[in-house]
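The data block below is coords_23.cif; it holds mmCIF, C-alpha atoms and all ligand atoms; chains and numbers go by the auth columns.
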data_start
loop_
_atom_site.group_PDB
_atom_site.id
_atom_site.type_symbol
_atom_site.label_atom_id
_atom_site.label_comp_id
_atom_site.label_asym_id
_atom_site.label_seq_id
_atom_site.Cartn_x
_atom_site.Cartn_y
_atom_site.Cartn_z
_atom_site.B_iso_or_equiv
_atom_site.auth_seq_id
_atom_site.auth_asym_id
ATOM 1 C CA MET A 1 -18.697 -32.709 11.574 0.00 1131 E
ATOM 2 C CA THR A 2 -15.177 -34.166 11.419 0.00 1132 E
ATOM 3 C CA LYS A 3 -13.878 -30.961 9.961 0.00 1133 E
ATOM 4 C CA LEU A 4 -15.417 -28.960 12.755 0.00 1134 E
ATOM 5 C CA MET A 5 -13.819 -31.207 15.331 0.00 1135 E
ATOM 6 C CA ALA A 6 -10.460 -30.769 13.638 0.00 1136 E
ATOM 7 C CA ILE A 7 -10.883 -27.004 13.754 0.00 1137 E
ATOM 8 C CA ILE A 8 -11.638 -27.136 17.468 0.00 1138 E
ATOM 9 C CA LEU A 9 -8.637 -29.376 18.146 0.00 1139 E
ATOM 10 C CA ILE A 10 -6.292 -27.044 16.320 0.00 1140 E
ATOM 11 C CA ALA A 11 -7.695 -23.835 17.823 0.00 1141 E
ATOM 12 C CA GLY A 12 -5.361 -22.431 20.400 0.00 1142 E
ATOM 13 C CA SER A 13 -2.169 -23.917 19.024 0.00 1143 E
ATOM 14 C CA ALA A 14 0.402 -21.335 18.000 0.00 1144 E
ATOM 15 C CA LEU A 15 1.873 -22.685 14.792 0.00 1145 E
ATOM 16 C CA SER A 16 3.656 -20.685 12.155 0.00 1146 E
ATOM 17 C CA GLY A 17 1.556 -19.863 9.143 0.00 1147 E
ATOM 18 C CA THR A 18 2.204 -19.174 5.513 0.00 1148 E
ATOM 19 C CA PRO A 19 1.702 -15.885 3.702 0.00 1149 E
ATOM 20 C CA ALA A 20 -0.757 -15.437 0.866 0.00 1150 E
ATOM 21 C CA THR A 21 0.622 -16.356 -2.520 0.00 1151 E
ATOM 22 C CA HIS A 22 -2.129 -15.772 -5.081 0.00 1152 E
ATOM 23 C CA THR A 23 -4.583 -13.084 -6.096 0.00 1153 E
ATOM 24 C CA ASP A 24 -8.290 -13.916 -6.224 0.00 1154 E
ATOM 25 C CA ALA A 25 -8.095 -13.908 -10.039 0.00 1155 E
ATOM 26 C CA GLU A 26 -5.272 -16.466 -9.942 0.00 1156 E
ATOM 27 C CA ILE A 27 -7.264 -18.632 -7.561 0.00 1157 E
ATOM 28 C CA TYR A 28 -10.209 -18.418 -9.950 0.00 1158 E
ATOM 29 C CA THR A 29 -8.028 -19.716 -12.798 0.00 1159 E
ATOM 30 C CA TRP A 30 -6.744 -22.525 -10.543 0.00 1160 E
ATOM 31 C CA ILE A 31 -10.198 -23.704 -9.504 0.00 1161 E
ATOM 32 C CA LYS A 32 -11.550 -23.514 -13.068 0.00 1162 E
ATOM 33 C CA ASN A 33 -8.719 -25.789 -14.199 0.00 1163 E
ATOM 34 C CA LYS A 34 -9.297 -28.146 -11.282 0.00 1164 E
ATOM 35 C CA MET A 35 -12.971 -28.449 -12.169 0.00 1165 E
ATOM 36 C CA GLY A 36 -12.277 -28.731 -15.897 0.00 1166 E
ATOM 37 C CA ILE A 37 -14.392 -25.693 -16.684 0.00 1167 E
ATOM 38 C CA THR A 38 -13.577 -24.008 -19.975 0.00 1168 E
ATOM 39 C CA GLU A 39 -16.509 -21.580 -20.255 0.00 1169 E
ATOM 40 C CA ASN A 40 -15.608 -17.952 -19.658 0.00 1170 E
ATOM 41 C CA TYR A 41 -17.969 -17.259 -16.800 0.00 1171 E
ATOM 42 C CA GLU A 42 -17.437 -13.801 -15.414 0.00 1172 E
ATOM 43 C CA MET A 43 -15.500 -13.940 -12.188 0.00 1173 E
ATOM 44 C CA PRO A 44 -17.533 -12.788 -9.191 0.00 1174 E
ATOM 45 C CA THR A 45 -16.145 -10.157 -6.851 0.00 1175 E
ATOM 46 C CA VAL A 46 -14.624 -11.681 -3.729 0.00 1176 E
ATOM 47 C CA LYS A 47 -15.390 -9.462 -0.756 0.00 1177 E
ATOM 48 C CA HIS A 48 -13.078 -9.939 2.187 0.00 1178 E
ATOM 49 C CA VAL A 49 -14.956 -9.123 5.366 0.00 1179 E
ATOM 50 C CA SER A 50 -14.374 -9.601 9.089 0.00 1180 E
ATOM 51 C CA GLN A 51 -15.731 -12.746 10.720 0.00 1181 E
ATOM 52 C CA SER A 52 -18.279 -10.672 12.647 0.00 1182 E
ATOM 53 C CA VAL A 53 -19.681 -9.190 9.424 0.00 1183 E
ATOM 54 C CA LEU A 54 -19.730 -12.628 7.816 0.00 1184 E
ATOM 55 C CA ALA A 55 -21.455 -14.102 10.879 0.00 1185 E
ATOM 56 C CA VAL A 56 -24.374 -11.672 10.487 0.00 1186 E
ATOM 57 C CA MET A 57 -24.887 -12.786 6.865 0.00 1187 E
ATOM 58 C CA ILE A 58 -24.570 -16.459 7.787 0.00 1188 E
ATOM 59 C CA ARG A 59 -27.207 -16.084 10.507 0.00 1189 E
ATOM 60 C CA GLU A 60 -29.538 -14.305 8.119 0.00 1190 E
ATOM 61 C CA LYS A 61 -29.236 -17.081 5.578 0.00 1191 E
ATOM 62 C CA ALA A 62 -29.536 -19.826 8.205 0.00 1192 E
ATOM 63 C CA GLU A 63 -32.702 -18.272 9.642 0.00 1193 E
ATOM 64 C CA GLY A 64 -34.285 -18.864 6.246 0.00 1194 E
ATOM 65 C CA HIS A 65 -33.871 -22.621 6.852 0.00 1195 E
ATOM 66 C CA ARG A 66 -35.085 -22.593 10.448 0.00 1196 E
ATOM 67 C CA LYS A 67 -38.596 -23.836 9.685 0.00 1197 E
ATOM 68 C CA GLU A 68 -37.280 -26.743 7.615 0.00 1198 E
ATOM 69 C CA TRP A 69 -34.637 -27.651 10.243 0.00 1199 E
ATOM 70 C CA GLU A 70 -37.107 -27.461 13.122 0.00 1200 E
ATOM 71 C CA GLU A 71 -39.244 -30.122 11.460 0.00 1201 E
ATOM 72 C CA GLN A 72 -36.631 -32.695 12.432 0.00 1202 E
ATOM 73 C CA ASN A 73 -34.700 -31.047 15.287 0.00 1203 E
ATOM 74 C CA THR A 74 -35.547 -29.233 18.469 0.00 1204 E
ATOM 75 C CA GLN A 75 -35.470 -25.446 18.526 0.00 1205 E
ATOM 76 C CA ARG A 76 -32.514 -25.612 20.897 0.00 1206 E
ATOM 77 C CA GLU A 77 -30.555 -27.841 18.520 0.00 1207 E
ATOM 78 C CA VAL A 78 -31.257 -25.485 15.648 0.00 1208 E
ATOM 79 C CA ASN A 79 -30.151 -22.486 17.740 0.00 1209 E
ATOM 80 C CA GLU A 80 -26.903 -24.259 18.605 0.00 1210 E
ATOM 81 C CA TYR A 81 -26.351 -25.225 14.985 0.00 1211 E
ATOM 82 C CA ILE A 82 -26.853 -21.641 13.801 0.00 1212 E
ATOM 83 C CA ASP A 83 -24.468 -20.367 16.499 0.00 1213 E
ATOM 84 C CA MET A 84 -21.888 -22.910 15.350 0.00 1214 E
ATOM 85 C CA LEU A 85 -22.271 -21.883 11.700 0.00 1215 E
ATOM 86 C CA ALA A 86 -21.840 -18.197 12.565 0.00 1216 E
ATOM 87 C CA ARG A 87 -18.699 -19.034 14.541 0.00 1217 E
ATOM 88 C CA GLU A 88 -17.054 -21.573 12.237 0.00 1218 E
ATOM 89 C CA VAL A 89 -18.090 -20.912 8.638 0.00 1219 E
ATOM 90 C CA ARG A 90 -15.445 -18.858 6.860 0.00 1220 E
ATOM 91 C CA GLY A 91 -17.027 -18.035 3.522 0.00 1221 E
ATOM 92 C CA LEU A 92 -20.400 -17.512 1.907 0.00 1222 E
ATOM 93 C CA PHE A 93 -21.793 -18.118 -1.544 0.00 1223 E
ATOM 94 C CA LEU A 94 -25.364 -17.056 -2.213 0.00 1224 E
ATOM 95 C CA ALA A 95 -27.030 -18.442 -5.320 0.00 1225 E
ATOM 96 C CA ALA A 96 -29.314 -15.392 -5.232 0.00 1226 E
ATOM 97 C CA ASN A 97 -26.304 -13.113 -5.713 0.00 1227 E
ATOM 98 C CA MET A 98 -23.945 -14.505 -8.329 0.00 1228 E
ATOM 99 C CA LYS A 99 -21.861 -11.337 -8.531 0.00 1229 E
ATOM 100 C CA VAL A 100 -20.369 -11.342 -5.045 0.00 1230 E
ATOM 101 C CA LEU A 101 -18.784 -13.933 -2.739 0.00 1231 E
ATOM 102 C CA TYR A 102 -17.827 -13.307 0.868 0.00 1232 E
ATOM 103 C CA VAL A 103 -14.712 -14.640 2.569 0.00 1233 E
ATOM 104 C CA THR A 104 -13.492 -13.918 6.068 0.00 1234 E
ATOM 105 C CA SER A 105 -10.336 -11.894 6.434 0.00 1235 E
ATOM 106 C CA ASP A 106 -9.894 -13.244 9.973 0.00 1236 E
ATOM 107 C CA THR A 107 -7.757 -16.305 9.360 0.00 1237 E
ATOM 108 C CA ASN A 108 -4.407 -17.098 10.910 0.00 1238 E
ATOM 109 C CA THR A 109 -2.776 -17.883 7.596 0.00 1239 E
ATOM 110 C CA GLY A 110 -2.928 -16.413 4.120 0.00 1240 E
ATOM 111 C CA ILE A 111 -3.004 -19.794 2.453 0.00 1241 E
ATOM 112 C CA TYR A 112 -6.057 -20.866 4.443 0.00 1242 E
ATOM 113 C CA ARG A 113 -7.877 -17.693 3.412 0.00 1243 E
ATOM 114 C CA GLU A 114 -6.970 -18.422 -0.218 0.00 1244 E
ATOM 115 C CA ALA A 115 -8.219 -21.988 0.108 0.00 1245 E
ATOM 116 C CA ILE A 116 -11.556 -20.608 1.311 0.00 1246 E
ATOM 117 C CA VAL A 117 -11.663 -18.321 -1.736 0.00 1247 E
ATOM 118 C CA ALA A 118 -11.157 -21.464 -3.862 0.00 1248 E
ATOM 119 C CA HIS A 119 -13.955 -23.217 -1.937 0.00 1249 E
ATOM 120 C CA GLU A 120 -16.487 -20.422 -2.481 0.00 1250 E
ATOM 121 C CA LEU A 121 -15.471 -19.987 -6.128 0.00 1251 E
ATOM 122 C CA ALA A 122 -16.076 -23.735 -6.550 0.00 1252 E
ATOM 123 C CA HIS A 123 -19.668 -23.192 -5.373 0.00 1253 E
ATOM 124 C CA TYR A 124 -20.049 -20.348 -7.855 0.00 1254 E
ATOM 125 C CA LEU A 125 -18.794 -22.586 -10.677 0.00 1255 E
ATOM 126 C CA GLN A 126 -20.978 -25.499 -9.556 0.00 1256 E
ATOM 127 C CA GLN A 127 -23.989 -23.200 -9.740 0.00 1257 E
ATOM 128 C CA LYS A 128 -22.930 -21.711 -13.073 0.00 1258 E
ATOM 129 C CA SER A 129 -22.430 -25.112 -14.640 0.00 1259 E
ATOM 130 C CA GLY A 130 -25.878 -26.336 -13.732 0.00 1260 E
ATOM 131 C CA GLY A 131 -25.614 -27.764 -10.221 0.00 1261 E
ATOM 132 C CA ASP A 132 -27.946 -26.234 -7.652 0.00 1262 E
ATOM 133 C CA VAL A 133 -25.677 -25.552 -4.681 0.00 1263 E
ATOM 134 C CA TYR A 134 -28.660 -25.317 -2.335 0.00 1264 E
ATOM 135 C CA GLY A 135 -30.619 -28.137 -3.986 0.00 1265 E
ATOM 136 C CA PRO A 136 -31.036 -31.786 -2.928 0.00 1266 E
ATOM 137 C CA ALA A 137 -27.394 -32.650 -3.724 0.00 1267 E
ATOM 138 C CA ARG A 138 -26.012 -29.786 -1.633 0.00 1268 E
ATOM 139 C CA TRP A 139 -24.018 -32.092 0.670 0.00 1269 E
ATOM 140 C CA PHE A 140 -22.236 -33.605 -2.306 0.00 1270 E
ATOM 141 C CA ARG A 141 -21.380 -30.130 -3.602 0.00 1271 E
ATOM 142 C CA GLU A 142 -20.194 -29.090 -0.164 0.00 1272 E
ATOM 143 C CA MET A 143 -17.880 -32.109 0.049 0.00 1273 E
ATOM 144 C CA GLN A 144 -16.571 -31.355 -3.428 0.00 1274 E
ATOM 145 C CA ALA A 145 -15.776 -27.757 -2.443 0.00 1275 E
ATOM 146 C CA GLU A 146 -14.095 -28.945 0.761 0.00 1276 E
ATOM 147 C CA GLN A 147 -11.972 -31.328 -1.271 0.00 1277 E
ATOM 148 C CA TYR A 148 -10.783 -28.493 -3.533 0.00 1278 E
ATOM 149 C CA GLN A 149 -10.072 -26.409 -0.440 0.00 1279 E
ATOM 150 C CA ALA A 150 -7.847 -29.192 0.928 0.00 1280 E
ATOM 151 C CA GLU A 151 -6.138 -29.729 -2.444 0.00 1281 E
ATOM 152 C CA TYR A 152 -5.323 -26.032 -2.692 0.00 1282 E
ATOM 153 C CA ILE A 153 -3.388 -26.163 0.566 0.00 1283 E
ATOM 154 C CA GLU A 154 -1.708 -29.472 -0.334 0.00 1284 E
ATOM 155 C CA GLU A 155 -0.545 -28.045 -3.646 0.00 1285 E
ATOM 156 C CA PHE A 156 0.751 -24.667 -2.454 0.00 1286 E
ATOM 157 C CA CYS A 157 1.892 -25.614 1.020 0.00 1287 E
ATOM 158 C CA PRO A 158 2.748 -29.327 1.239 0.00 1288 E
ATOM 159 C CA LYS A 159 4.081 -28.793 4.759 0.00 1289 E
ATOM 160 C CA CYS A 160 0.813 -27.320 5.974 0.00 1290 E
ATOM 161 C CA ASN A 161 -2.167 -28.775 7.765 0.00 1291 E
ATOM 162 C CA GLY A 162 -5.716 -27.953 6.637 0.00 1292 E
ATOM 163 C CA MET A 163 -5.567 -24.576 8.356 0.00 1293 E
ATOM 164 C CA GLY A 164 -2.464 -23.549 6.440 0.00 1294 E
ATOM 165 C CA GLU A 165 -0.186 -23.918 9.446 0.00 1295 E
ATOM 166 C CA ILE A 166 3.246 -25.427 8.821 0.00 1296 E
ATOM 167 C CA VAL A 167 3.339 -28.708 10.699 0.00 1297 E
ATOM 168 C CA LYS A 168 5.412 -31.077 8.580 0.00 1298 E
ATOM 169 C CA GLU A 169 9.195 -31.054 8.601 0.00 1299 E
ATOM 170 C CA GLU A 170 9.642 -33.082 5.459 0.00 1300 E
ATOM 171 C CA ALA A 171 7.536 -32.676 2.363 0.00 1301 E
ATOM 172 C CA ASN A 172 8.068 -33.241 -1.332 0.00 1302 E
ATOM 173 C CA GLN A 173 8.354 -29.702 -2.562 0.00 1303 E
HETATM 174 ZN ZN ZN B . -19.172 -24.734 1.009 0.00 1401 E
#
Re-express the file's structure as structure tokens.
Amino acid sequence: MTKLMAIILIAGSALSGTPATHTDAEIYTWIKNKMGITENYEMPTVKHVSQSVLAVMIREKAEGHRKEWEEQNTQREVNEYIDMLAREVRGLFLAANMKVLYVTSDTNTGIYREAIVAHELAHYLQQKSGGDVYGPARWFREMQAEQYQAEYIEEFCPKCNGMGEIVKEEANQ
């Protein structure tokens, strides 16, 4: 939830952003190296879609968990959670479809969009190398992907915040 709060705090600020610097294939090489993966898994296609298209897919997937979530939460809480996911989640990896990943094209900065590509590719590689992204350890895998997302921005834009907006005057470049 901290990340969500950070996103809300930053929303509305008009900070200068950074352009995109890498192709999806280059990001795939970067994340494979980060994760120490040497197997030549075929790279999935990264589909760049609008946030509204992505939101429809996120809702569809989330609805599949509704029954499970409503065992421990009220229906209203689950509705709010699904609305939040549709609004805030920027990429989608589906273990049922290993050939395609979805990433929003509606980001303020190119580097943030690239970091999301790295995040979703990390999920693909987690799944490929034997970790069930939607299994019992899913929160660990989510944190791992978020960490790679943050490291991508730190590496390619040391002056940027987590949204890829330039906020630091001094940075070791
Ligand atoms: Zn994730």
Exercise for the section: Excluding Val1263 in chain E and residues on its chain fewer than 5 positions from it, collect all residues at most 9 Å away from it, counting only C-alpha atoms, and give them as a PyMOL selection string. Expected result: chain E and resi 1223-1225+1253-1254+1256-1257+1268-1269+1271-1272
Problem - Non-local contacts of His1249 in chain E (12 Å; only C-alpha atoms; under 5 positions in same chain excluded) as an NGL selection string - result: :E and (1154 or 1157-1158 or 1160-1162 or 1164-1165 or 1176 or 1219-1223 or 1231-1233 or 1242-1244 or 1254-1256 or 1271-1283)
Handout entry: Separation of CA of Asn1209 in chain E from CA of Leu1251 in chain E in Å
Key = 28.1 Å
Exercise for the section: Compare E:Val1179, E:Ala1226, E:Ile1167, E:Ile1188 by their minimum atom-to-atom distance to ligand ZN 1401 (chain E), counting only C-alpha atoms and all ligand atoms, and give me the closest one. Expected result: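 Of E:Val1179, E:Ala1226, E:Ile1167, E:Ile1188, the one nearest ligand ZN 1401 (chain E), counting only C-alpha atoms and all ligand atoms, is E:Ile1188.
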Completion exercise
Restricting to all atoms listed in the file, whichever of E:Val1208, E:Ala1155, E:Met1173, E:Ala1216 is closest to Arg1189 in chain E is E:Ala1216
Exercise for the section: Could you tell me which of E:Thr1168, E:Thr1237, E:Phe1270, E:Ala1185 comes closest to ligand ZN 1401 (chain E) if we count only C-alpha atoms and all ligand atoms? Expected result: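 Between E:Thr1168, E:Thr1237, E:Phe1270, E:Ala1185, the residue approaching ligand ZN 1401 (chain E) most closely is E:Phe1270.
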Exercise for the section: Evaluate the PyMOL selection byres (((chain E and resi 1236) around 7) and not hetatm) here and jot the selected residues down as an MDAnalysis selection string. Expected result: chainID E and resid 1180:1181 1234:1235 1237:1238
With N, CA and C atoms as the goal, would you fill in the gaps in range 1212-1230 of chain E and present it as a CSV table (one decimal), in the frame of the given file?
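Contents of the output file result.csv:
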chain,number,residue,atom,x,y,z
E,1212,ILE,N,-27.0,-23.0,14.4
E,1212,ILE,CA,-26.9,-21.6,13.8
E,1212,ILE,C,-25.7,-20.9,14.5
E,1213,ASP,N,-25.6,-21.0,15.8
E,1213,ASP,CA,-24.5,-20.4,16.5
E,1213,ASP,C,-23.1,-20.9,16.0
E,1214,MET,N,-23.1,-22.2,15.8
E,1214,MET,CA,-21.9,-22.9,15.4
E,1214,MET,C,-21.5,-22.4,13.9
E,1215,LEU,N,-22.5,-22.3,13.1
E,1215,LEU,CA,-22.3,-21.9,11.7
E,1215,LEU,C,-21.7,-20.5,11.7
E,1216,ALA,N,-22.3,-19.6,12.5
E,1216,ALA,CA,-21.8,-18.2,12.6
E,1216,ALA,C,-20.4,-18.1,13.1
E,1217,ARG,N,-20.0,-19.0,14.0
E,1217,ARG,CA,-18.7,-19.0,14.5
E,1217,ARG,C,-17.7,-19.7,13.6
E,1218,GLU,N,-18.0,-20.7,13.0
E,1218,GLU,CA,-17.1,-21.6,12.2
E,1218,GLU,C,-17.0,-21.4,10.7
E,1219,VAL,N,-18.1,-21.0,10.1
E,1219,VAL,CA,-18.1,-20.9,8.6
E,1219,VAL,C,-17.3,-19.7,8.2
E,1220,ARG,N,-16.4,-19.9,7.2
E,1220,ARG,CA,-15.4,-18.9,6.9
E,1220,ARG,C,-15.7,-18.2,5.5
E,1221,GLY,N,-16.7,-18.6,4.8
E,1221,GLY,CA,-17.0,-18.0,3.5
E,1221,GLY,C,-18.5,-18.2,3.2
E,1222,LEU,N,-19.0,-17.4,2.2
E,1222,LEU,CA,-20.4,-17.5,1.9
E,1222,LEU,C,-20.6,-17.3,0.4
E,1223,PHE,N,-21.3,-18.2,-0.2
E,1223,PHE,CA,-21.8,-18.1,-1.5
E,1223,PHE,C,-23.3,-18.1,-1.5
E,1224,LEU,N,-23.9,-17.1,-2.2
E,1224,LEU,CA,-25.4,-17.1,-2.2
E,1224,LEU,C,-25.8,-17.2,-3.7
E,1225,ALA,N,-26.6,-18.2,-3.9
E,1225,ALA,CA,-27.0,-18.4,-5.3
E,1225,ALA,C,-27.9,-17.3,-5.8
E,1226,ALA,N,-28.5,-16.5,-4.9
E,1226,ALA,CA,-29.3,-15.4,-5.2
E,1226,ALA,C,-28.5,-14.2,-5.7
E,1227,ASN,N,-27.2,-14.2,-5.3
E,1227,ASN,CA,-26.3,-13.1,-5.7
E,1227,ASN,C,-25.0,-13.7,-6.3
E,1228,MET,N,-25.1,-13.8,-7.6
E,1228,MET,CA,-23.9,-14.5,-8.3
E,1228,MET,C,-22.8,-13.6,-8.6
E,1229,LYS,N,-22.9,-12.3,-8.2
E,1229,LYS,CA,-21.9,-11.3,-8.5
E,1229,LYS,C,-20.8,-11.2,-7.4
E,1230,VAL,N,-21.2,-11.6,-6.2
E,1230,VAL,CA,-20.4,-11.3,-5.0
E,1230,VAL,C,-20.3,-12.6,-4.2
